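File shown here: data_30.cif, holding mmCIF, C-alpha atoms.
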```cif
data_my_file
#
loop_
_atom_site.label_atom_id
_atom_site.label_comp_id
_atom_site.auth_asym_id
_atom_site.auth_seq_id
_atom_site.Cartn_x
_atom_site.Cartn_y
_atom_site.Cartn_z
CA MET A 191 96.49 34.96 -62.27
CA GLU A 192 93.27 36.88 -61.79
CA GLU A 193 94.08 37.37 -58.11
CA LEU A 194 97.55 38.66 -58.96
CA ALA A 195 96.14 40.99 -61.64
CA ASN A 196 93.72 42.43 -59.09
CA ILE A 197 96.58 43.04 -56.63
CA LEU A 198 98.58 44.84 -59.33
CA ASN A 199 95.55 46.90 -60.32
CA LYS A 200 94.83 47.99 -56.74
CA LYS A 201 98.47 48.93 -56.27
CA ARG A 202 98.37 51.03 -59.44
CA MET A 203 95.12 52.72 -58.40
CA ARG A 204 96.51 53.53 -54.93
CA ARG A 205 99.39 55.48 -56.41
CA GLY A 206 96.91 57.48 -58.51
CA ALA A 207 96.88 55.97 -62.00
CA ILE A 208 94.08 57.33 -64.16
CA ASP A 209 91.70 54.60 -65.33
CA PHE A 210 89.77 55.62 -68.44
CA ASP A 211 87.04 53.18 -69.40
CA PHE A 212 86.26 53.98 -73.03
CA GLU A 213 84.60 51.43 -75.25
CA GLU A 214 86.31 50.40 -78.48
CA ALA A 215 84.33 49.36 -81.54
CA LYS A 216 84.30 45.74 -82.69
CA ILE A 217 83.46 45.83 -86.40
CA THR A 218 82.50 42.51 -87.99
CA LEU A 219 82.81 42.26 -91.79
CA ASN A 220 81.43 39.74 -94.23
CA PRO A 221 83.71 38.02 -96.81
CA LEU A 222 83.23 41.01 -99.14
CA GLY A 223 84.42 43.49 -96.52
CA LYS A 224 80.97 44.90 -95.78
CA PRO A 225 80.23 45.65 -92.10
CA ILE A 226 77.45 43.44 -90.76
CA GLU A 227 77.73 44.19 -87.03
CA ILE A 228 79.23 46.98 -84.91
CA LYS A 229 79.24 46.80 -81.13
CA PRO A 230 81.49 47.67 -78.16
CA TYR A 231 84.48 45.38 -77.87
CA PRO A 232 83.99 43.15 -74.81
CA ARG A 233 86.67 43.59 -72.15
CA GLU A 234 86.93 40.24 -70.41
CA ILE A 235 88.97 39.29 -67.35
CA ALA A 236 91.59 37.75 -69.67
CA ASN A 237 92.14 41.15 -71.26
CA ARG A 238 92.58 42.80 -67.87
CA ILE A 239 95.01 40.11 -66.67
CA ILE A 240 97.22 40.55 -69.73
CA GLU A 241 97.03 44.35 -69.46
CA GLU A 242 98.14 44.40 -65.80
CA PHE A 243 101.01 41.96 -66.44
CA MET A 244 102.20 43.96 -69.45
CA LEU A 245 102.13 47.23 -67.48
CA ALA A 246 104.17 45.68 -64.66
CA CYS A 247 106.67 44.27 -67.16
CA ASN A 248 107.05 47.59 -69.01
CA GLU A 249 107.65 49.50 -65.79
CA THR A 250 110.18 46.95 -64.49
CA ILE A 251 112.23 47.00 -67.70
CA ALA A 252 112.16 50.82 -67.91
CA GLU A 253 113.40 51.23 -64.32
CA TYR A 254 116.12 48.59 -64.73
CA MET A 255 117.46 50.18 -67.93
CA TYR A 256 117.24 53.70 -66.50
CA TRP A 257 119.78 52.81 -63.81
CA THR A 258 122.17 51.29 -66.36
CA ASN A 259 122.58 54.80 -67.79
CA LEU A 260 122.45 53.34 -71.30
CA PRO A 261 120.61 55.01 -74.21
CA PHE A 262 117.05 53.72 -74.31
CA VAL A 263 113.60 54.40 -75.79
CA TYR A 264 111.06 55.36 -73.11
CA ARG A 265 107.31 55.82 -73.38
CA VAL A 266 106.52 59.17 -71.78
CA HIS A 267 103.34 61.03 -70.92
CA GLU A 268 103.90 64.55 -69.69
CA ASN A 269 101.74 66.62 -67.33
CA PRO A 270 98.45 67.96 -68.74
CA ASP A 271 98.21 71.33 -70.47
CA GLU A 272 97.46 73.84 -67.68
CA GLU A 273 95.06 75.95 -69.75
CA LYS A 274 93.02 72.92 -70.82
CA LEU A 275 93.02 71.55 -67.27
CA THR A 276 91.75 74.90 -65.96
CA LYS A 277 88.82 74.73 -68.39
CA PHE A 278 88.18 71.15 -67.28
CA ARG A 279 88.10 72.23 -63.62
CA GLU A 280 85.63 75.03 -64.43
CA PHE A 281 83.42 72.63 -66.36
CA ILE A 282 83.18 70.02 -63.58
CA TYR A 283 82.61 72.82 -61.05
CA ASN A 284 79.49 73.79 -63.05
CA LEU A 285 78.39 70.14 -62.71
CA GLY A 286 78.85 70.33 -58.93
CA TYR A 287 82.25 68.64 -58.60
CA THR A 288 85.54 69.92 -57.24
CA MET A 289 89.12 68.69 -57.54
CA LYS A 290 92.35 69.17 -55.62
CA TRP A 291 94.29 71.88 -57.41
CA SER A 292 97.95 72.83 -57.27
CA GLN A 293 100.68 73.98 -59.61
CA ASP A 294 102.11 70.46 -59.60
CA ILE A 295 98.88 68.59 -60.33
CA GLN A 296 98.98 64.89 -59.44
CA PRO A 297 97.19 62.14 -61.42
CA ARG A 298 95.51 60.98 -58.21
CA ALA A 299 93.49 64.23 -58.11
CA LEU A 300 92.10 63.52 -61.58
CA GLN A 301 91.41 59.87 -60.82
CA GLU A 302 89.39 60.96 -57.79
CA VAL A 303 87.18 63.03 -60.10
CA LEU A 304 86.57 59.96 -62.30
CA GLU A 305 85.67 57.94 -59.21
CA LYS A 306 83.13 60.60 -58.17
CA VAL A 307 81.31 60.47 -61.51
CA LYS A 308 81.53 56.69 -62.01
CA GLY A 309 78.14 55.22 -62.85
CA LYS A 310 76.50 58.64 -63.16
CA LYS A 311 74.98 60.32 -66.21
CA GLU A 312 77.93 62.66 -66.65
CA GLU A 313 80.62 59.95 -66.43
CA ALA A 314 81.23 59.75 -70.19
CA VAL A 315 81.30 63.54 -70.52
CA VAL A 316 83.80 64.10 -67.72
CA SER A 317 86.03 61.23 -68.91
CA THR A 318 86.05 62.57 -72.48
CA LEU A 319 86.89 66.13 -71.42
CA LEU A 320 89.63 64.93 -69.09
CA LEU A 321 91.18 62.87 -71.88
CA ARG A 322 91.14 65.94 -74.15
CA SER A 323 92.98 67.89 -71.45
CA MET A 324 95.83 65.40 -71.46
CA MET A 325 99.05 65.54 -73.45
CA LYS A 326 99.59 62.82 -76.05
CA ALA A 327 101.92 60.02 -74.99
CA ARG A 328 105.06 59.73 -77.11
CA TYR A 329 108.44 58.01 -77.32
CA SER A 330 111.54 59.73 -75.95
CA PRO A 331 115.23 58.97 -75.25
CA GLU A 332 114.64 60.64 -71.86
CA SER A 333 112.78 59.04 -68.96
CA LEU A 334 110.18 61.73 -68.17
CA GLY A 335 107.67 59.46 -66.45
CA HIS A 336 104.11 58.57 -67.42
CA PHE A 337 101.50 60.90 -65.91
CA GLY A 338 98.43 58.82 -66.79
CA LEU A 339 99.87 55.65 -65.24
CA ALA A 340 101.41 57.54 -62.32
CA ALA A 341 104.63 55.73 -63.23
CA ARG A 342 108.10 57.20 -62.78
CA TYR A 343 109.61 54.82 -65.35
CA TYR A 344 107.83 53.39 -68.37
CA CYS A 345 108.57 51.89 -71.79
CA HIS A 346 106.99 49.66 -74.42
CA PHE A 347 108.73 46.29 -74.17
CA THR A 348 106.08 43.61 -74.56
CA SER A 349 105.22 43.76 -78.28
CA PRO A 350 108.39 43.59 -80.41
CA ILE A 351 106.53 41.80 -83.24
CA ARG A 352 104.20 44.75 -83.88
CA ARG A 353 105.93 47.89 -82.48
CA TYR A 354 109.31 49.16 -83.56
CA PRO A 355 110.22 50.84 -80.20
CA ASP A 356 109.79 47.47 -78.47
CA LEU A 357 112.01 45.79 -81.04
CA GLN A 358 114.67 48.48 -80.66
CA ILE A 359 114.89 48.17 -76.88
CA HIS A 360 114.95 44.36 -77.15
CA ARG A 361 118.08 44.76 -79.24
CA ILE A 362 119.65 47.13 -76.67
CA ILE A 363 118.80 44.81 -73.76
CA LYS A 364 120.21 41.81 -75.61
CA GLU A 365 123.47 43.70 -76.26
CA GLN A 366 123.60 44.81 -72.63
CA ILE A 367 123.07 41.28 -71.31
CA ASN A 368 125.80 39.94 -73.58
CA GLY A 369 128.22 42.70 -72.53
CA LYS A 370 128.54 44.13 -76.05
CA ILE A 371 127.92 47.80 -75.19
CA ASP A 372 131.18 49.66 -74.67
CA GLY A 373 131.74 53.43 -74.74
CA GLY A 374 131.77 53.61 -78.53
CA ARG A 375 128.62 51.55 -78.94
CA ALA A 376 126.82 53.56 -76.25
CA LYS A 377 127.69 56.78 -78.09
CA LYS A 378 126.29 55.35 -81.34
CA LEU A 379 123.12 54.22 -79.57
CA ILE A 380 122.38 57.82 -78.54
CA GLY A 381 121.67 58.73 -82.17
CA ILE A 382 119.77 55.49 -82.78
CA VAL A 383 117.33 55.88 -79.87
CA ASP A 384 116.81 59.58 -80.66
CA TYR A 385 115.81 58.76 -84.25
CA ALA A 386 113.73 55.76 -83.20
CA SER A 387 111.81 57.90 -80.68
CA LYS A 388 110.97 60.66 -83.15
CA GLN A 389 110.20 58.35 -86.05
CA SER A 390 108.02 56.02 -83.96
CA SER A 391 106.05 58.92 -82.44
CA GLU A 392 105.32 60.33 -85.91
CA THR A 393 104.34 57.02 -87.49
CA GLU A 394 102.19 56.16 -84.46
CA ARG A 395 100.12 59.30 -85.10
CA VAL A 396 99.79 58.40 -88.78
CA ALA A 397 98.73 54.83 -87.91
CA GLN A 398 96.15 56.05 -85.38
CA GLU A 399 94.68 58.46 -87.91
CA ALA A 400 94.51 55.67 -90.52
CA GLU A 401 92.78 53.41 -88.01
CA ARG A 402 90.22 56.11 -87.17
CA GLU A 403 89.52 56.72 -90.85
CA VAL A 404 88.95 53.03 -91.53
CA ASP A 405 86.63 52.75 -88.50
CA ASP A 406 84.71 55.85 -89.63
CA LEU A 407 84.41 54.47 -93.18
CA LYS A 408 83.03 51.11 -92.02
CA LYS A 409 80.63 52.83 -89.61
CA ALA A 410 79.37 55.06 -92.44
CA GLU A 411 78.91 52.02 -94.70
CA TYR A 412 77.01 50.27 -91.92
CA MET A 413 74.66 53.22 -91.34
CA GLN A 414 74.02 53.75 -95.06
CA ASP A 415 71.65 50.78 -94.92
CA ARG A 416 69.93 52.21 -91.84
CA ILE A 417 68.88 55.66 -93.04
CA GLY A 418 65.49 56.45 -91.54
CA GLU A 419 65.96 54.18 -88.52
CA GLU A 420 65.67 55.57 -84.99
CA PHE A 421 68.22 55.17 -82.20
CA ASP A 422 68.81 56.17 -78.58
CA GLY A 423 72.08 58.01 -77.98
CA ILE A 424 74.07 60.38 -75.81
CA VAL A 425 75.41 63.83 -76.74
CA SER A 426 79.16 63.14 -76.91
CA SER A 427 80.41 66.51 -78.17
CA VAL A 428 79.02 70.02 -78.64
CA THR A 429 80.40 72.53 -81.14
CA SER A 430 79.39 75.83 -82.71
CA PHE A 431 78.01 73.94 -85.74
CA GLY A 432 75.98 71.31 -83.88
CA MET A 433 76.35 68.33 -81.60
CA PHE A 434 77.64 64.81 -82.02
CA VAL A 435 75.54 61.93 -80.71
CA GLU A 436 77.06 58.55 -79.87
CA LEU A 437 74.97 55.40 -80.09
CA PRO A 438 75.42 52.36 -77.77
CA SER A 439 77.18 50.64 -80.69
CA THR A 440 79.96 53.35 -80.53
CA ILE A 441 78.76 54.86 -83.84
CA GLU A 442 78.78 58.66 -83.75
CA GLY A 443 76.88 61.11 -85.96
CA LEU A 444 76.31 64.84 -86.23
CA VAL A 445 73.10 66.70 -85.56
CA HIS A 446 73.88 69.87 -87.51
CA ILE A 447 72.74 73.12 -85.94
CA THR A 448 70.59 73.81 -89.01
CA ALA A 449 68.64 70.63 -88.20
CA LEU A 450 67.52 72.18 -84.89
CA GLU A 451 64.52 73.94 -86.40
CA ASP A 452 62.56 74.69 -83.23
CA ASP A 453 64.77 77.66 -82.29
CA TYR A 454 67.96 79.59 -83.02
CA TYR A 455 70.68 77.95 -80.92
CA VAL A 456 73.72 79.75 -79.50
CA TYR A 457 76.91 77.89 -78.60
CA ASP A 458 78.03 78.34 -74.98
CA GLU A 459 81.72 77.39 -75.04
CA ASN A 460 82.22 77.58 -71.26
CA HIS A 461 79.45 75.09 -70.54
CA LEU A 462 79.79 73.15 -73.81
CA ALA A 463 76.11 73.59 -74.57
CA LEU A 464 73.70 74.80 -77.24
CA ILE A 465 71.06 77.16 -75.85
CA GLY A 466 67.83 78.12 -77.64
CA GLU A 467 67.45 81.90 -77.81
CA ARG A 468 63.67 81.90 -77.57
CA THR A 469 62.76 78.64 -75.82
CA LYS A 470 65.90 78.52 -73.62
CA ASN A 471 66.06 74.82 -74.47
CA ILE A 472 69.54 73.44 -73.68
CA TYR A 473 71.53 70.59 -75.20
CA ARG A 474 74.67 69.70 -73.28
CA LEU A 475 77.25 66.94 -73.09
CA GLY A 476 75.83 63.73 -71.65
CA ASP A 477 72.19 64.45 -72.52
CA GLU A 478 70.20 61.40 -73.58
CA VAL A 479 68.46 61.96 -76.92
CA LYS A 480 66.56 60.03 -79.57
CA VAL A 481 67.78 60.44 -83.15
CA LYS A 482 67.02 59.29 -86.68
CA CYS A 483 69.74 58.63 -89.25
CA SER A 484 69.01 61.19 -91.97
CA LYS A 485 72.05 61.08 -94.25
CA VAL A 486 75.38 59.31 -94.78
CA ASP A 487 78.34 60.73 -96.72
CA ILE A 488 80.56 57.75 -97.55
CA ALA A 489 83.23 59.82 -99.33
CA ASN A 490 83.82 61.97 -96.24
CA ARG A 491 83.02 59.18 -93.75
CA GLU A 492 80.29 61.26 -92.11
CA ILE A 493 76.97 60.30 -90.53
CA TYR A 494 74.13 62.76 -89.93
CA PHE A 495 71.27 62.52 -87.46
CA ASP A 496 68.03 64.40 -86.88
CA LEU A 497 66.64 64.79 -83.37
CA ILE A 498 63.34 63.10 -82.62
CA LYS A 499 61.18 64.90 -80.10
CA GLU A 500 59.03 62.96 -77.67
CA GLU A 501 55.29 63.47 -78.07
CA GLU A 502 55.01 65.36 -74.77
CA GLU A 503 57.86 67.69 -75.74
CA GLU A 504 56.23 68.38 -79.11
CA LYS A 505 52.93 69.22 -77.43
CA GLU A 506 54.67 71.56 -74.99
CA GLU A 507 56.55 73.26 -77.82
CA GLU A 508 53.37 73.62 -79.90
CA ALA A 509 51.56 75.11 -76.90
CA LEU A 510 54.44 77.51 -76.24
CA LYS A 511 54.59 78.49 -79.91
CA GLU A 512 50.82 79.06 -80.00
CA PHE A 513 51.01 81.14 -76.82
CA GLN A 514 53.87 83.24 -78.20
CA GLU A 515 51.95 83.82 -81.45
CA ARG A 516 48.85 84.89 -79.52
CA LEU A 517 50.73 86.98 -76.97
CA PRO A 518 50.66 90.28 -78.95
CA GLN A 519 46.89 89.92 -79.48
CA VAL A 520 46.34 89.04 -75.79
CA LYS A 521 48.36 92.11 -74.73
CA LYS A 522 46.28 94.26 -77.06
CA GLU A 523 43.02 92.86 -75.68
CA VAL A 524 44.17 93.35 -72.07
CA LYS A 525 45.19 96.93 -72.86
CA GLU A 526 41.81 97.64 -74.44
CA ALA A 527 40.00 96.07 -71.49
CA LEU A 528 41.96 98.21 -69.00
CA ALA A 529 41.20 101.31 -71.03
CA ARG A 530 37.49 100.41 -71.02
CA VAL A 531 37.59 99.93 -67.22
CA GLU A 532 39.13 103.37 -66.83
CA GLU A 533 36.39 104.89 -69.04
CA ILE A 534 33.67 103.23 -66.95
CA GLU A 535 35.24 104.51 -63.71
CA GLU A 536 35.46 108.03 -65.15
CA GLU A 537 31.79 107.88 -66.19
CA LYS A 538 30.77 106.79 -62.67
CA GLU A 539 32.76 109.63 -61.11
CA SER A 540 31.07 112.14 -63.44
CA GLU A 541 27.61 110.87 -62.46
CA LEU A 542 28.45 111.20 -58.74
CA GLU A 543 29.52 114.78 -59.23
#
```
Could you spell out this file's structure in structure tokens?
Amino acid sequence: MEELANILNKKRMRRGAIDFDFEEAKITLNPLGKPIEIKPYPREIANRIIEEFMLACNETIAEYMYWTNLPFVYRVHENPDEEKLTKFREFIYNLGYTMKWSQDIQPRALQEVLEKVKGKKEEAVVSTLLLRSMMKARYSPESLGHFGLAARYYCHFTSPIRRYPDLQIHRIIKEQINGKIDGGRAKKLIGIVDYASKQSSETERVAQEAEREVDDLKKAEYMQDRIGEEFDGIVSSVTSFGMFVELPSTIEGLVHITALEDDYYVYDENHLALIGERTKNIYRLGDEVKVKCSKVDIANREIYFDLIKEEEEEKEEEALKEFQERLPQVKKEVKEALARVEEIEEEKESELE
């Protein structure tokens, strides 16, 4: 099965499917519901085998039902937003990468970018920005294709016990197999699949938001017992009010701009960076930093970090600060010394005359 899964994966990659490799959080709770461990969810070969088989099944069913011309619920993912994709192209260009560009952008061009950055420092940054440039997948009575999977036909068929769209199309397929769909029934199904598509897309968004909120709550509860502890992390997002830092455990916290006390930082939207006005110090996506958990707001599910400077950095900053404080006095002394030199030269000239 592993060999077959690898064949299916290579086939999918050849046609240009986009392969995001984001880590999901595995949150372990004790009997009282308190989080005791948070770490990335391991993605074993068994997971990949099931995933490839499910994708192949979903595509096969979607294509078969498309050619029956019967009403159906498809899973669609439309082309990326052009404006967002343009910003993404400009950002990776500033990192030294290029991408094939055309009005009808193909997923293969974006997958090639991910392959270029794979294993490099900026991989997480580029992957995150590309994902943000994408449209959200949704359910539709029309077969519009799936951009991210580079699939012309796609649906959700494999999980009827936990997803309503899957259950709905199982019912349609069963009726079609048993020859129970005549003209009248087909007409009625048009309204059913239209409602199922809209309702499922809306409730999916609600469910995803609820899942995020629960994850954020448990992560905040976990970090409440770790205030004052130090962690290594990566800048995962930069905004006008600060930067978010993600830890290896998938926990994310905010370093508020007011916590950056060494300088006044300006937000550079085009480069997604914070730039110090005086020191020209730069914090950008993908930077490795060391942070300390300074505060946790359970009610709002928020975690706050403070940056920890390395000893060498602190010495350099202190030296720079001392130099800048002394600079006006040094300038004054140099000016006085030059004036004294001029006086001495004038005195010598007068004696020669």
For the interface of region 227-272 of chain A with region 345-361 of chain A (cut-off 6 Å, counting all atoms listed in the file), please tabulate each contacting residue of region 227-272 of chain A alongside its nearest pair of atoms and their separation in Å to one decimal, rows sorted by chain and increasing number, as JSON lines.
```
{"residue": "A:Asn248", "atom": "CA", "partner": "A:Cys345", "partner_atom": "CA", "distance": 5.3}
{"residue": "A:Ala252", "atom": "CA", "partner": "A:Cys345", "partner_atom": "CA", "distance": 5.4}
{"residue": "A:Tyr264", "atom": "CA", "partner": "A:Cys345", "partner_atom": "CA", "distance": 4.5}
{"residue": "A:Arg265", "atom": "CA", "partner": "A:Cys345", "partner_atom": "CA", "distance": 4.4}
```
Output C-alpha atoms for every residue in the selection just made, as a short mmCIF file (atom, residue, chain, number, x, y, z; two decimals), keeping the file's coordinate frame.
```cif
data_model
loop_
_atom_site.label_atom_id
_atom_site.label_comp_id
_atom_site.auth_asym_id
_atom_site.auth_seq_id
_atom_site.Cartn_x
_atom_site.Cartn_y
_atom_site.Cartn_z
CA ASN A 248 107.05 47.59 -69.01
CA ALA A 252 112.16 50.82 -67.91
CA TYR A 264 111.06 55.36 -73.11
CA ARG A 265 107.31 55.82 -73.38
#
```
- Item | Top pick for closest residue to Phe278 (chain A), considering A:Ser430, A:Gln366, A:Ser387, A:Thr318 and counting only C-alpha atoms | A:Thr318
- Query: CA of Tyr256 (chain A) and CA of Asp294 (chain A), how far apart in Å?
  - Reply: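 Taking CA of Asp294 (chain A) as the start and CA of Tyr256 (chain A) as the end point, the length is 23.6 Å.
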- Message: Can you spell out as a list in words the set of residues that the PyMOL selection byres ((chain A and resi 421) around 10) selects in the structure I just provided?
- Response: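 Checking the PyMOL selection byres ((chain A and resi 421) around 10) against this file, the residues are Gly418, Glu419, Glu420, Asp422, Gly423, Glu436, Leu437, Pro438, Val479, Lys480, Val481, Lys482, Cys483, Phe495, Leu497 and Ile498 of chain A.
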- Evaluate the PyMOL selection byres ((chain A and resi 447-461) around 10) here and jot the selected residues down as a PyMOL selection string. chain A and resi 277-278+280-282+284-285+428-433+444-446+462-475+494-497+504+507-508+511
- CA of His336 (chain A) to CA of Met244 (chain A), straight-line distance in Å: 14.9 Å
- Task: Would you mind reading off the distance between CA of Ser439 (chain A) and CA of Asn220 (chain A), one decimal, in Å?
- Result: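 Atom-to-atom, CA of Ser439 (chain A) and CA of Asn220 (chain A) are spaced 17.9 Å apart.
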Complete region 360-376 of chain A at the level of N, CA, C and O atoms, written as a tab-separated table (two decimals), in the frame of the given file.
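Saved file part21.tsv follows:
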```tsv
chain	number	residue	atom	x	y	z
A	360	HIS	N	114.55	45.77	-77.28
A	360	HIS	CA	114.95	44.36	-77.15
A	360	HIS	C	116.39	44.18	-77.63
A	360	HIS	O	117.17	43.46	-77.01
A	361	ARG	N	116.73	44.85	-78.72
A	361	ARG	CA	118.08	44.76	-79.24
A	361	ARG	C	119.09	45.33	-78.24
A	361	ARG	O	120.16	44.75	-78.00
A	362	ILE	N	118.74	46.49	-77.63
A	362	ILE	CA	119.65	47.13	-76.67
A	362	ILE	C	119.83	46.24	-75.44
A	362	ILE	O	120.95	46.05	-74.94
A	363	ILE	N	118.73	45.68	-74.94
A	363	ILE	CA	118.80	44.81	-73.76
A	363	ILE	C	119.64	43.57	-74.05
A	363	ILE	O	120.46	43.15	-73.22
A	364	LYS	N	119.45	43.01	-75.23
A	364	LYS	CA	120.21	41.81	-75.61
A	364	LYS	C	121.71	42.13	-75.65
A	364	LYS	O	122.54	41.36	-75.15
A	365	GLU	N	122.06	43.30	-76.22
A	365	GLU	CA	123.47	43.70	-76.26
A	365	GLU	C	124.01	43.94	-74.85
A	365	GLU	O	125.14	43.55	-74.53
A	366	GLN	N	123.17	44.52	-74.00
A	366	GLN	CA	123.60	44.81	-72.63
A	366	GLN	C	123.82	43.53	-71.83
A	366	GLN	O	124.81	43.38	-71.10
A	367	ILE	N	122.94	42.56	-72.01
A	367	ILE	CA	123.07	41.28	-71.31
A	367	ILE	C	124.33	40.54	-71.75
A	367	ILE	O	125.02	39.92	-70.93
A	368	ASN	N	124.63	40.63	-73.04
A	368	ASN	CA	125.80	39.94	-73.58
A	368	ASN	C	127.09	40.74	-73.47
A	368	ASN	O	128.13	40.33	-73.99
A	369	GLY	N	127.03	41.88	-72.77
A	369	GLY	CA	128.22	42.70	-72.53
A	369	GLY	C	128.84	43.29	-73.79
A	369	GLY	O	130.06	43.47	-73.86
A	370	LYS	N	128.01	43.62	-74.79
A	370	LYS	CA	128.54	44.13	-76.05
A	370	LYS	C	128.46	45.66	-76.17
A	370	LYS	O	128.76	46.21	-77.22
A	371	ILE	N	128.03	46.34	-75.11
A	371	ILE	CA	127.92	47.80	-75.19
A	371	ILE	C	129.10	48.45	-74.47
A	371	ILE	O	129.13	48.54	-73.24
A	372	ASP	N	130.06	48.91	-75.25
A	372	ASP	CA	131.18	49.66	-74.67
A	372	ASP	C	130.92	51.15	-74.90
A	372	ASP	O	129.85	51.56	-75.36
A	373	GLY	N	131.90	51.99	-74.60
A	373	GLY	CA	131.74	53.43	-74.74
A	373	GLY	C	131.38	53.86	-76.15
A	373	GLY	O	130.50	54.71	-76.36
A	374	GLY	N	132.03	53.26	-77.14
A	374	GLY	CA	131.77	53.61	-78.53
A	374	GLY	C	130.37	53.23	-78.97
A	374	GLY	O	129.68	53.99	-79.66
A	375	ARG	N	129.95	52.02	-78.57
A	375	ARG	CA	128.62	51.55	-78.94
A	375	ARG	C	127.54	52.39	-78.25
A	375	ARG	O	126.51	52.73	-78.85
A	376	ALA	N	127.77	52.74	-76.99
A	376	ALA	CA	126.82	53.56	-76.25
A	376	ALA	C	126.64	54.92	-76.93
A	376	ALA	O	125.52	55.45	-77.03
```
